[in-house]
file final.tsv (TSV, C-alpha atoms)
chain	number	residue	atom	x	y	z
X	6	MET	CA	15.67	24.41	-18.66
X	7	ARG	CA	14.08	25.73	-15.50
X	8	ILE	CA	16.09	27.42	-12.76
X	9	LEU	CA	15.63	24.32	-10.57
X	10	ASP	CA	17.15	22.20	-13.33
X	11	TYR	CA	20.22	24.44	-13.39
X	12	ILE	CA	20.54	24.24	-9.62
X	13	SER	CA	20.12	20.46	-9.67
X	14	PHE	CA	22.72	20.14	-12.42
X	15	GLY	CA	25.16	22.35	-10.51
X	16	LEU	CA	24.74	20.45	-7.24
X	17	LYS	CA	25.21	17.08	-8.93
X	18	ASN	CA	28.35	18.38	-10.62
X	19	LEU	CA	29.74	19.69	-7.32
X	20	ILE	CA	29.07	16.38	-5.60
X	21	TYR	CA	30.58	14.40	-8.47
X	22	TYR	CA	33.79	16.47	-8.34
X	23	LYS	CA	33.89	16.41	-4.54
X	24	LYS	CA	37.63	17.05	-4.01
X	25	ARG	CA	37.71	19.93	-6.45
X	26	THR	CA	34.58	21.41	-4.88
X	27	ILE	CA	36.03	21.31	-1.36
X	28	TYR	CA	39.28	22.84	-2.62
X	29	ASN	CA	37.43	25.66	-4.39
X	30	ILE	CA	35.26	26.37	-1.35
X	31	ILE	CA	38.31	26.56	0.93
X	32	ILE	CA	40.13	28.93	-1.41
X	33	THR	CA	37.05	31.10	-2.03
X	34	PHE	CA	36.01	31.47	1.61
X	35	SER	CA	39.64	32.27	2.51
X	36	ILE	CA	39.63	35.05	-0.08
X	37	ILE	CA	36.35	36.47	1.24
X	38	LEU	CA	37.57	36.24	4.84
X	39	ILE	CA	40.72	38.18	3.92
X	40	ILE	CA	38.55	40.95	2.43
X	41	LEU	CA	36.39	41.08	5.57
X	42	ILE	CA	39.35	41.17	7.95
X	43	THR	CA	41.28	43.72	5.88
X	44	PHE	CA	38.24	45.99	5.68
X	45	THR	CA	37.65	45.78	9.43
X	46	ALA	CA	41.30	46.36	10.35
X	47	SER	CA	41.63	49.35	8.01
X	48	ASN	CA	38.38	50.95	9.18
X	49	THR	CA	39.31	50.41	12.83
X	50	ILE	CA	42.72	52.06	12.48
X	51	ILE	CA	41.47	55.00	10.39
X	52	SER	CA	38.44	55.55	12.64
X	53	PHE	CA	40.59	55.48	15.78
X	54	LEU	CA	43.02	58.05	14.38
X	55	GLU	CA	40.29	60.39	13.16
X	56	GLU	CA	38.15	60.13	16.29
X	57	ASN	CA	41.12	60.61	18.60
X	58	ILE	CA	42.29	63.72	16.77
X	59	ASN	CA	38.85	65.24	16.29
X	60	LYS	CA	37.44	64.62	19.76
X	61	ASN	CA	40.41	64.74	22.13
X	62	ILE	CA	40.74	68.33	23.38
X	63	GLU	CA	44.42	67.76	24.17
X	64	TYR	CA	45.14	67.74	20.43
X	65	ARG	CA	43.61	71.21	20.25
X	66	THR	CA	45.57	72.62	23.18
X	67	MET	CA	48.85	74.57	22.96
X	68	TYR	CA	51.21	76.27	25.40
X	69	VAL	CA	52.47	79.63	24.20
X	70	LYS	CA	55.89	80.77	25.37
X	71	TYR	CA	56.77	84.47	25.33
X	72	ASP	CA	59.55	86.77	26.53
X	73	VAL	CA	58.55	87.43	30.14
X	74	MET	CA	61.03	90.32	30.39
X	75	GLU	CA	59.52	92.14	27.43
X	76	GLU	CA	55.80	91.62	27.79
X	77	SER	CA	53.21	90.96	30.47
X	78	LEU	CA	51.07	87.83	30.66
X	79	SER	CA	47.84	89.86	30.36
X	80	SER	CA	49.10	91.55	27.19
X	81	VAL	CA	49.99	88.21	25.58
X	82	MET	CA	46.64	86.68	26.51
X	83	LYS	CA	44.78	89.64	25.05
X	84	LYS	CA	46.59	89.26	21.72
X	85	LEU	CA	46.12	85.48	21.63
X	86	SER	CA	42.39	85.81	22.26
X	87	LYS	CA	42.09	87.70	18.95
X	88	VAL	CA	43.71	84.94	16.89
X	89	LYS	CA	41.24	83.34	14.51
X	90	ASN	CA	39.90	79.92	15.61
X	91	VAL	CA	41.18	80.33	19.19
X	92	ILE	CA	38.17	79.80	21.48
X	93	LYS	CA	39.86	80.03	24.87
X	94	VAL	CA	43.00	81.54	26.38
X	95	ILE	CA	43.84	80.33	29.90
X	96	GLU	CA	46.60	80.96	32.40
X	97	GLN	CA	48.70	77.84	32.73
X	98	ASP	CA	48.32	77.57	36.51
X	99	LYS	CA	44.54	77.80	36.19
X	100	TYR	CA	44.06	75.04	33.65
X	101	GLN	CA	44.56	71.75	35.49
X	102	SER	CA	45.47	70.19	38.80
X	103	TYR	CA	45.44	66.89	40.68
X	104	ILE	CA	43.36	65.84	43.66
X	105	THR	CA	42.82	62.64	45.63
X	106	ILE	CA	39.40	61.22	46.46
X	107	ASP	CA	39.44	58.43	49.05
X	108	LYS	CA	36.07	57.10	47.87
X	109	PHE	CA	37.64	56.44	44.48
X	110	LYS	CA	40.51	54.38	45.89
X	111	THR	CA	40.65	50.64	45.29
X	112	ASN	CA	43.07	47.86	46.15
X	113	LYS	CA	44.91	48.65	42.92
X	114	THR	CA	44.55	52.44	42.59
X	115	ASP	CA	45.47	55.48	44.70
X	116	GLY	CA	42.36	57.60	44.05
X	117	GLU	CA	44.08	60.46	42.18
X	118	ILE	CA	42.02	62.44	39.66
X	119	ASN	CA	43.21	64.90	37.05
X	120	ILE	CA	40.89	67.92	37.11
X	121	ILE	CA	40.61	70.21	34.09
X	122	ALA	CA	39.20	73.74	34.21
X	123	SER	CA	36.27	74.12	31.87
X	124	ASP	CA	33.10	76.03	31.10
X	125	SER	CA	29.90	75.35	29.19
X	126	ASN	CA	31.70	75.77	25.83
X	127	LEU	CA	34.46	73.29	26.62
X	128	LEU	CA	32.67	70.61	28.62
X	129	PRO	CA	32.03	67.26	26.92
X	130	SER	CA	28.42	66.21	26.39
X	131	ILE	CA	26.71	65.27	29.64
X	132	VAL	CA	25.05	61.82	29.42
X	133	ALA	CA	23.81	61.65	33.03
X	134	GLY	CA	23.14	64.40	35.55
X	135	ARG	CA	23.36	67.99	34.39
X	136	ASN	CA	25.60	70.83	33.28
X	137	PRO	CA	26.79	73.32	35.93
X	138	ASN	CA	24.91	76.58	36.41
X	139	SER	CA	25.86	79.95	37.88
X	140	ASN	CA	24.91	78.80	41.39
X	141	ASP	CA	27.23	75.80	41.39
X	142	LYS	CA	30.52	76.32	43.23
X	143	ASN	CA	32.31	73.12	44.21
X	144	TYR	CA	31.30	70.65	41.55
X	145	LEU	CA	32.80	67.89	39.41
X	146	ILE	CA	31.93	66.44	36.01
X	147	CYS	CA	33.42	62.93	35.74
X	148	PRO	CA	33.31	59.98	33.32
X	149	THR	CA	30.54	57.40	33.48
X	150	LYS	CA	33.31	54.83	33.97
X	151	PHE	CA	36.70	55.89	35.30
X	152	ILE	CA	39.85	54.80	37.09
X	153	ALA	CA	41.36	57.12	39.69
X	154	ASP	CA	45.11	56.59	39.68
X	155	SER	CA	48.16	58.85	39.39
X	156	ASN	CA	50.04	56.46	37.08
X	157	LEU	CA	47.15	55.54	34.81
X	158	SER	CA	49.07	56.10	31.57
X	159	THR	CA	51.83	53.66	32.58
X	160	ARG	CA	49.77	50.99	34.31
X	161	THR	CA	49.65	47.74	32.38
X	162	ASP	CA	47.82	45.69	35.00
X	163	LEU	CA	44.50	47.54	34.86
X	164	THR	CA	41.54	46.26	32.89
X	165	LYS	CA	37.92	47.33	32.43
X	166	GLU	CA	37.05	45.32	35.52
X	167	ASP	CA	38.86	48.01	37.52
X	168	TYR	CA	36.54	50.77	36.35
X	169	ILE	CA	34.54	52.73	38.92
X	170	ASP	CA	30.87	53.29	38.08
X	171	GLY	CA	30.35	57.07	38.17
X	172	ARG	CA	26.59	56.64	38.61
X	173	LYS	CA	27.16	55.40	42.17
X	174	PHE	CA	28.43	58.87	43.09
X	175	LEU	CA	26.16	61.03	40.91
X	176	ASN	CA	24.57	63.92	42.87
X	177	LYS	CA	26.48	62.92	46.00
X	178	GLU	CA	28.94	64.88	48.12
X	179	ILE	CA	32.56	63.83	47.67
X	180	THR	CA	35.51	64.89	49.79
X	181	ILE	CA	38.50	65.93	47.70
X	182	LYS	CA	41.97	66.05	49.21
X	183	TYR	CA	45.19	67.77	48.16
X	184	TYR	CA	48.40	68.99	49.79
X	185	SER	CA	50.76	71.94	49.92
X	186	TYR	CA	54.48	71.43	50.57
X	187	ASP	CA	57.19	73.06	52.62
X	188	TYR	CA	59.99	73.89	50.20
X	189	SER	CA	62.39	75.06	52.94
X	190	LYS	CA	63.41	71.43	53.37
X	191	GLU	CA	65.90	69.70	51.11
X	192	ILE	CA	63.20	67.17	50.40
X	193	PRO	CA	59.83	69.01	50.44
X	194	GLU	CA	57.48	67.86	53.18
X	195	VAL	CA	53.72	68.18	53.48
X	196	LEU	CA	52.89	71.62	54.84
X	197	ASN	CA	49.10	71.48	54.87
X	198	GLN	CA	46.39	69.03	53.95
X	199	TYR	CA	43.29	70.52	52.35
X	200	GLU	CA	39.90	68.82	52.30
X	201	GLU	CA	36.84	70.22	50.58
X	202	GLU	CA	33.36	68.98	49.81
X	203	PHE	CA	32.48	68.77	46.12
X	204	GLN	CA	29.38	67.41	44.41
X	205	LEU	CA	29.50	65.17	41.35
X	206	ILE	CA	26.71	66.74	39.28
X	207	GLY	CA	27.26	65.25	35.82
X	208	LEU	CA	28.78	62.36	33.91
X	209	TYR	CA	30.26	62.20	30.42
X	210	ASN	CA	31.42	59.35	28.22
X	211	THR	CA	35.18	59.28	27.62
X	212	TYR	CA	34.51	57.72	24.20
X	213	ASP	CA	32.90	61.03	23.20
X	214	ASN	CA	36.05	63.09	23.70
X	215	TYR	CA	38.82	60.48	24.08
X	216	ALA	CA	39.83	61.93	27.44
X	217	LYS	CA	41.96	59.96	29.88
X	218	ASP	CA	39.99	57.70	32.17
X	219	ASN	CA	40.94	59.71	35.29
X	220	THR	CA	39.89	63.14	33.99
X	221	CYS	CA	37.17	65.19	35.68
X	222	TYR	CA	36.12	68.79	35.01
X	223	THR	CA	35.38	71.72	37.30
X	224	SER	CA	35.37	75.53	37.14
X	225	PHE	CA	38.37	77.76	36.40
X	226	THR	CA	37.92	79.30	39.85
X	227	ASN	CA	38.24	75.95	41.60
X	228	VAL	CA	41.37	74.93	39.70
X	229	ALA	CA	43.00	78.32	40.35
X	230	LYS	CA	42.22	78.08	44.08
X	231	ILE	CA	43.51	74.50	44.38
X	232	ASN	CA	46.76	75.32	42.56
X	233	LYS	CA	47.30	78.42	44.69
X	234	ASN	CA	46.85	76.42	47.89
X	235	MET	CA	49.09	73.64	46.63
X	236	SER	CA	51.95	76.08	45.94
X	237	GLY	CA	52.53	76.39	49.70
X	238	ASN	CA	55.61	78.48	50.45
X	239	SER	CA	57.23	77.83	47.07
X	240	GLU	CA	57.48	81.57	46.34
X	241	GLU	CA	59.74	82.04	49.37
X	242	TYR	CA	62.14	79.19	48.75
X	243	THR	CA	62.17	78.63	44.98
X	244	GLU	CA	63.07	80.76	42.02
X	245	GLU	CA	60.30	82.79	40.46
X	246	VAL	CA	58.18	80.71	38.13
X	247	TYR	CA	56.71	82.26	35.01
X	248	TYR	CA	53.53	80.67	33.74
X	249	HIS	CA	52.69	80.71	30.07
X	250	PRO	CA	49.19	80.94	28.63
X	251	ILE	CA	47.36	77.96	27.18
X	252	ILE	CA	45.14	78.28	24.12
X	253	ILE	CA	42.39	75.96	22.93
X	254	VAL	CA	41.57	75.80	19.22
X	255	ASN	CA	38.01	75.25	18.01
X	256	ASP	CA	38.82	72.38	15.62
X	257	SER	CA	41.77	70.03	15.13
X	258	LYS	CA	41.77	70.97	11.43
X	259	ASN	CA	42.78	74.52	12.40
X	260	ILE	CA	45.70	73.58	14.64
X	261	ASP	CA	48.40	74.14	12.04
X	262	SER	CA	47.06	77.50	10.84
X	263	VAL	CA	46.78	78.77	14.43
X	264	PHE	CA	50.27	77.47	15.16
X	265	GLU	CA	51.70	79.36	12.19
X	266	GLU	CA	49.89	82.58	13.06
X	267	ILE	CA	51.07	82.54	16.69
X	268	ASN	CA	54.58	81.78	15.53
X	269	SER	CA	54.47	84.79	13.18
X	270	MET	CA	53.51	86.97	16.16
X	271	GLY	CA	56.93	86.25	17.72
X	272	TYR	CA	55.70	83.71	20.28
X	273	THR	CA	56.61	80.04	20.57
X	274	PRO	CA	53.59	77.72	20.46
X	275	ILE	CA	54.04	74.18	21.78
X	276	LYS	CA	51.39	71.60	21.01
X	277	ARG	CA	50.32	69.72	24.09
X	278	MET	CA	49.96	66.57	22.01
X	279	ASN	CA	51.76	66.86	18.72
X	280	ILE	CA	49.97	65.66	15.58
X	281	ASP	CA	52.15	64.50	12.75
X	282	SER	CA	49.63	65.08	9.97
X	283	ASN	CA	51.97	63.55	7.37
X	284	LEU	CA	52.34	60.38	9.43
X	285	ILE	CA	48.59	60.15	9.98
X	286	GLY	CA	48.00	60.66	6.27
X	287	ASN	CA	50.57	58.00	5.40
X	288	ILE	CA	48.98	55.52	7.81
X	289	LYS	CA	45.58	56.10	6.23
X	290	LEU	CA	47.08	55.75	2.75
X	291	ILE	CA	48.81	52.50	3.71
X	292	CYS	CA	45.56	51.09	5.16
X	293	LEU	CA	43.56	52.02	2.06
X	294	SER	CA	46.32	50.68	-0.24
X	295	ILE	CA	46.41	47.34	1.58
X	296	LEU	CA	42.63	47.16	1.38
X	297	LEU	CA	42.64	47.92	-2.36
X	298	ILE	CA	45.42	45.41	-3.01
X	299	ALA	CA	43.55	42.75	-1.03
X	300	ILE	CA	40.39	43.32	-3.06
X	301	VAL	CA	42.22	43.27	-6.42
X	302	ILE	CA	44.17	40.11	-5.55
X	303	SER	CA	40.99	38.46	-4.29
X	304	ILE	CA	39.14	39.27	-7.50
X	305	ILE	CA	42.02	37.97	-9.63
X	306	CYS	CA	42.17	34.75	-7.58
X	307	MET	CA	38.43	34.18	-7.92
X	308	ILE	CA	38.51	34.77	-11.67
X	309	THR	CA	41.45	32.38	-12.01
X	310	ILE	CA	39.66	29.67	-10.03
X	311	ILE	CA	36.46	29.96	-12.06
X	312	LEU	CA	38.26	29.95	-15.41
X	313	LYS	CA	40.42	27.02	-14.30
X	314	ASN	CA	37.32	25.04	-13.39
X	315	ILE	CA	35.71	25.75	-16.76
X	316	LYS	CA	38.93	24.90	-18.59
X	317	GLU	CA	39.13	21.56	-16.80
X	318	GLN	CA	35.58	20.76	-17.91
X	319	GLU	CA	35.99	21.51	-21.61
X	320	GLN	CA	35.44	17.86	-22.54
X	321	GLU	CA	32.23	17.87	-20.54
X	322	ILE	CA	31.19	21.07	-22.33
X	323	GLY	CA	31.80	19.34	-25.68
X	324	LEU	CA	29.67	16.34	-24.63
X	325	LEU	CA	26.87	18.65	-23.48
X	326	LYS	CA	26.95	20.42	-26.85
X	327	ALA	CA	26.86	17.07	-28.60
X	328	LEU	CA	23.79	16.13	-26.56
X	329	GLY	CA	21.99	19.24	-27.78
X	330	TYR	CA	22.52	21.67	-24.94
X	331	THR	CA	22.77	25.25	-26.15
X	332	ASN	CA	25.55	27.66	-25.25
X	333	LYS	CA	23.04	29.46	-23.02
X	334	ASN	CA	22.15	26.23	-21.18
X	335	ILE	CA	25.80	25.34	-20.62
X	336	SER	CA	26.76	28.89	-19.58
X	337	LEU	CA	23.94	29.12	-17.05
X	338	SER	CA	24.72	25.66	-15.69
X	339	PHE	CA	28.34	26.51	-14.97
X	340	LEU	CA	27.34	29.96	-13.70
X	341	VAL	CA	24.96	28.40	-11.18
X	342	GLU	CA	27.72	26.00	-10.12
X	343	SER	CA	30.11	28.91	-9.53
X	344	LEU	CA	27.44	30.85	-7.65
X	345	ILE	CA	26.69	27.88	-5.38
X	346	ILE	CA	30.38	27.58	-4.52
X	347	GLY	CA	30.52	31.33	-3.95
X	348	LEU	CA	27.46	31.40	-1.70
X	349	ILE	CA	28.61	28.42	0.38
X	350	SER	CA	32.03	30.06	0.76
X	351	PHE	CA	30.40	33.40	1.59
X	352	PHE	CA	28.28	32.02	4.44
X	353	ILE	CA	31.23	30.06	5.87
X	354	SER	CA	33.43	33.16	5.78
X	355	ILE	CA	30.68	35.30	7.41
X	356	LEU	CA	30.33	32.71	10.18
X	357	ILE	CA	34.08	32.63	10.86
X	358	TYR	CA	34.34	36.43	10.59
X	359	THR	CA	31.49	36.87	13.09
X	360	ILE	CA	33.09	34.45	15.54
X	361	LEU	CA	36.46	36.21	15.21
X	362	TYR	CA	34.76	39.59	15.65
X	363	PHE	CA	33.15	38.60	18.96
X	364	ILE	CA	36.32	36.94	20.23
X	365	ILE	CA	38.49	39.99	19.48
X	366	SER	CA	35.86	42.43	20.80
X	367	ASN	CA	35.62	40.42	24.01
X	368	LEU	CA	39.42	40.38	24.37
X	369	ILE	CA	39.59	44.15	23.91
X	370	ASN	CA	36.78	44.70	26.41
X	371	ASN	CA	38.64	42.70	29.02
X	372	THR	CA	42.24	43.56	28.30
X	373	ASN	CA	44.66	46.34	29.20
X	374	LEU	CA	43.20	49.87	29.25
X	375	ILE	CA	45.50	50.91	26.40
X	376	PHE	CA	42.92	49.42	24.02
X	377	THR	CA	39.77	50.80	25.65
X	378	LYS	CA	39.29	53.56	23.08
X	379	ILE	CA	39.70	51.18	20.13
X	380	ALA	CA	36.23	50.39	18.80
X	381	ILE	CA	36.02	47.49	16.37
X	382	ASN	CA	32.85	47.81	14.33
X	383	TYR	CA	31.26	44.94	12.45
X	384	SER	CA	32.02	45.81	8.83
X	385	TRP	CA	28.69	45.58	7.01
X	386	TYR	CA	30.27	47.37	4.05
X	387	SER	CA	32.79	44.57	3.62
X	388	VAL	CA	30.00	41.99	3.89
X	389	LEU	CA	28.08	43.77	1.13
X	390	ILE	CA	31.17	44.17	-1.07
X	391	SER	CA	32.09	40.50	-0.60
X	392	PHE	CA	28.57	39.44	-1.57
X	393	ILE	CA	28.68	41.63	-4.69
X	394	ILE	CA	32.05	40.15	-5.65
X	395	ILE	CA	30.90	36.54	-5.39
X	396	ILE	CA	27.90	37.38	-7.59
X	397	ILE	CA	29.50	39.64	-10.20
X	398	ILE	CA	32.82	37.81	-10.73
X	399	PRO	CA	31.27	34.42	-11.67
X	400	ILE	CA	28.89	36.15	-14.09
X	401	ILE	CA	31.69	38.07	-15.83
X	402	SER	CA	34.11	35.14	-15.85
X	403	THR	CA	31.64	32.52	-17.06
X	404	PHE	CA	30.14	34.53	-19.90
X	405	THR	CA	33.51	35.90	-21.01
X	406	TRP	CA	34.88	32.37	-21.33
X	407	PHE	CA	31.86	30.96	-23.13
X	408	LYS	CA	31.85	33.88	-25.52
X	409	LYS	CA	35.30	32.69	-26.63
X	410	ILE	CA	34.41	29.01	-27.04
X	411	LYS	CA	30.84	29.16	-28.37
X	412	ASN	CA	32.03	28.85	-31.98
X	413	VAL	CA	34.69	26.24	-31.25
X	414	ASN	CA	34.20	22.85	-32.92
X	415	ILE	CA	32.55	20.26	-30.63
X	416	VAL	CA	35.11	17.60	-31.56
X	417	ASN	CA	37.94	19.92	-30.55
X	418	LEU	CA	36.26	20.56	-27.17
X	419	ILE	CA	35.77	16.84	-26.55
X	420	ASN	CA	39.42	16.18	-27.46
X	421	ASN	CA	40.41	19.23	-25.28
X	422	GLU	CA	42.34	20.81	-28.10

call {"tool": "encode", "arguments": {"input": "final.tsv", "output": "structure tokens"}}
result
Amino acid sequence: MRILDYISFGLKNLIYYKKRTIYNIIITFSIILIILITFTASNTIISFLEENINKNIEYRTMYVKYDVMEESLSSVMKKLSKVKNVIKVIEQDKYQSYITIDKFKTNKTDGEINIIASDSNLLPSIVAGRNPNSNDKNYLICPTKFIADSNLSTRTDLTKEDYIDGRKFLNKEITIKYYSYDYSKEIPEVLNQYEEEFQLIGLYNTYDNYAKDNTCYTSFTNVAKINKNMSGNSEEYTEEVYYHPIIIVNDSKNIDSVFEEINSMGYTPIKRMNIDSNLIGNIKLICLSILLIAIVISIICMITIILKNIKEQEQEIGLLKALGYTNKNISLSFLVESLIIGLISFFISILIYTILYFIISNLINNTNLIFTKIAINYSWYSVLISFIIIIIIPIISTFTWFKKIKNVNIVNLINNE
């Protein structure tokens, strides 16, 4: 028999047993779709966790408390700078601040930006504009798309439509605004309003470092100056405030070792964003376990369906043997039939998976900002694995079954004994 004869035989058989064919296709494509969805969900969760931890500098940042009566800040910073894997030691009041930019205000946002002190070693990759040089004084590095609001982390009404395009302000002068307060009053009042001209010289992608969407970078000098001005007359009317140093670790993998070493030095390190490595590991394990279980169950279901179909057609197998068809002819005929069902189911599942992928991606792109850093990637690996499964499983199942019945008496097969 030629390959076309096998295909013709399989198609005629599928059409003849129409109800059974439709049932098998529905079950098979559902199995494949489950594999595709499980793969995508697992990869999305694991990728988000790993990318967030590896790229977000906040996970690599720690405050270090020390006994202010026993040791000076400069002494502590000097010791911390010698700790292995610590790439930067910063005074707390020179690390970050908040400013308002009227040009960044919208009907829904108040224009507040979180500015982080940085240098060439700590800046995220610049995708538009340039890095600062020694001649730059008042400059900002902001996201390509950002939202300027003081309550960004708690806002649930903001979507990607509310993003500001950073390119509109690239290489332009921007007036920043901040305030100092009079602490002699029971309720502090504005003492002075400061306005300064800054230039937005570079843009970065928040997906590259998982920073908040209202985070811009400037020099350590600028942050220190802004915080000093903002303190107003607080030294006269409030108790003395002791600032603790902040350290930045070179890699998230070294956080725990640095933490332990600083702790052994008699200081108290506090992670700015705590990472529960056990929880992260358990989440990854759960995702991989669910994926493995889904694949195993899917394979078992497909094998069961194929063997059930062959079992139901034992009388037909007996008649084919009686008509002179060889075991090879019969095996290949039923194999082709199984492959046709598998391929039809595969293409249906790919179509539905693709539609679902674009629907969910579109929803995420236009939904609350909480999901903006979640990237759902089309799982080509799961497509390949699904295709391999629908090819390999019918081959194994069909030939395993026919190996068992090839020596069975034809009369017994016809009588289904």

call {"tool": "atom_distance", "arguments": {"input": "final.tsv", "atom1": "CA of Ile298 in chain X", "atom2": "CA of Ser384 in chain X"}}
result
17.9 Å

call {"tool": "closest_residue", "arguments": {"input": "final.tsv", "among": "X:Ile152, X:Ala122, X:Leu41, X:Ala299", "to": "Phe392 in chain X", "atoms": "only C-alpha atoms"}}
result
X:Leu41

call {"tool": "residues_around", "arguments": {"input": "final.tsv", "residues": "Ile260 in chain X", "least_positions_apart": "5", "cutoff": "9 Å", "atoms": "only C-alpha atoms", "output": "number ranges by chain"}}
result
X: 64-67, 90, 254-255, 265, 276

call {"tool": "closest_residue", "arguments": {"input": "final.tsv", "among": "X:Ile355, X:Ile106, X:Val263, X:Ile381", "to": "Asn219 in chain X", "atoms": "only C-alpha atoms"}}
result
X:Ile106

call {"tool": "residues_around", "arguments": {"input": "final.tsv", "residues": "Ala46 in chain X", "least_positions_apart": "5", "cutoff": "12 Å", "atoms": "all atoms listed in the file", "output": "ChimeraX atom specification"}}
result
/X:39-41,51-53,289,291-293,295-296,362,365,379-384,387

call {"tool": "closest_residue", "arguments": {"input": "final.tsv", "among": "X:Val69, X:Leu290, X:Met235, X:Val301", "to": "Ile275 in chain X", "atoms": "only C-alpha atoms"}}
result
X:Val69

call {"tool": "residues_around", "arguments": {"input": "final.tsv", "residues": "Phe109 in chain X", "least_positions_apart": "3", "cutoff": "9 Å", "atoms": "all atoms listed in the file", "output": "tab-separated table (two decimals) with C-alpha atoms, in the frame of the given file"}}
result
chain	number	residue	atom	x	y	z
X	105	THR	CA	42.82	62.64	45.63
X	106	ILE	CA	39.40	61.22	46.46
X	114	THR	CA	44.55	52.44	42.59
X	115	ASP	CA	45.47	55.48	44.70
X	116	GLY	CA	42.36	57.60	44.05
X	117	GLU	CA	44.08	60.46	42.18
X	118	ILE	CA	42.02	62.44	39.66
X	152	ILE	CA	39.85	54.80	37.09
X	153	ALA	CA	41.36	57.12	39.69
X	154	ASP	CA	45.11	56.59	39.68
X	169	ILE	CA	34.54	52.73	38.92

call {"tool": "residues_around", "arguments": {"input": "final.tsv", "residues": "Ile31 in chain X", "least_positions_apart": "5", "cutoff": "12 Å", "atoms": "all atoms listed in the file", "output": "PDB file with C-alpha atoms, in the frame of the given file"}}
result
ATOM      1  CA  LYS X  24      37.630  17.050  -4.010  1.00  0.00           C
ATOM      2  CA  ARG X  25      37.710  19.930  -6.450  1.00  0.00           C
ATOM      3  CA  THR X  26      34.580  21.410  -4.880  1.00  0.00           C
ATOM      4  CA  ILE X  36      39.630  35.050  -0.080  1.00  0.00           C
ATOM      5  CA  ILE X  37      36.350  36.470   1.240  1.00  0.00           C
ATOM      6  CA  LEU X  38      37.570  36.240   4.840  1.00  0.00           C
ATOM      7  CA  MET X 307      38.430  34.180  -7.920  1.00  0.00           C
ATOM      8  CA  ILE X 310      39.660  29.670 -10.030  1.00  0.00           C
ATOM      9  CA  ILE X 346      30.380  27.580  -4.520  1.00  0.00           C
ATOM     10  CA  GLY X 347      30.520  31.330  -3.950  1.00  0.00           C
ATOM     11  CA  ILE X 349      28.610  28.420   0.380  1.00  0.00           C
ATOM     12  CA  SER X 350      32.030  30.060   0.760  1.00  0.00           C
ATOM     13  CA  PHE X 351      30.400  33.400   1.590  1.00  0.00           C
ATOM     14  CA  PHE X 352      28.280  32.020   4.440  1.00  0.00           C
ATOM     15  CA  ILE X 353      31.230  30.060   5.870  1.00  0.00           C
ATOM     16  CA  SER X 354      33.430  33.160   5.780  1.00  0.00           C
TER      17      SER X 354
END

call {"tool": "residues_around", "arguments": {"input": "final.tsv", "residues": "range 175-180 of chain X", "least_positions_apart": "4", "cutoff": "9 Å", "atoms": "only C-alpha atoms", "output": "list in words"}}
result
Thr105, Ile106, Asp107, Lys108, Ala133, Gly134, Gly171, Glu200, Glu201, Glu202, Phe203, Gln204, Leu205, Ile206, Gly207 and Leu208 of chain X

call {"tool": "atom_distance", "arguments": {"input": "final.tsv", "atom1": "CA of Phe174 in chain X", "atom2": "CA of Arg135 in chain X"}}
result
13.6 Å

call {"tool": "atom_distance", "arguments": {"input": "final.tsv", "atom1": "CA of Ile390 in chain X", "atom2": "CA of Thr45 in chain X"}}
result
12.4 Å
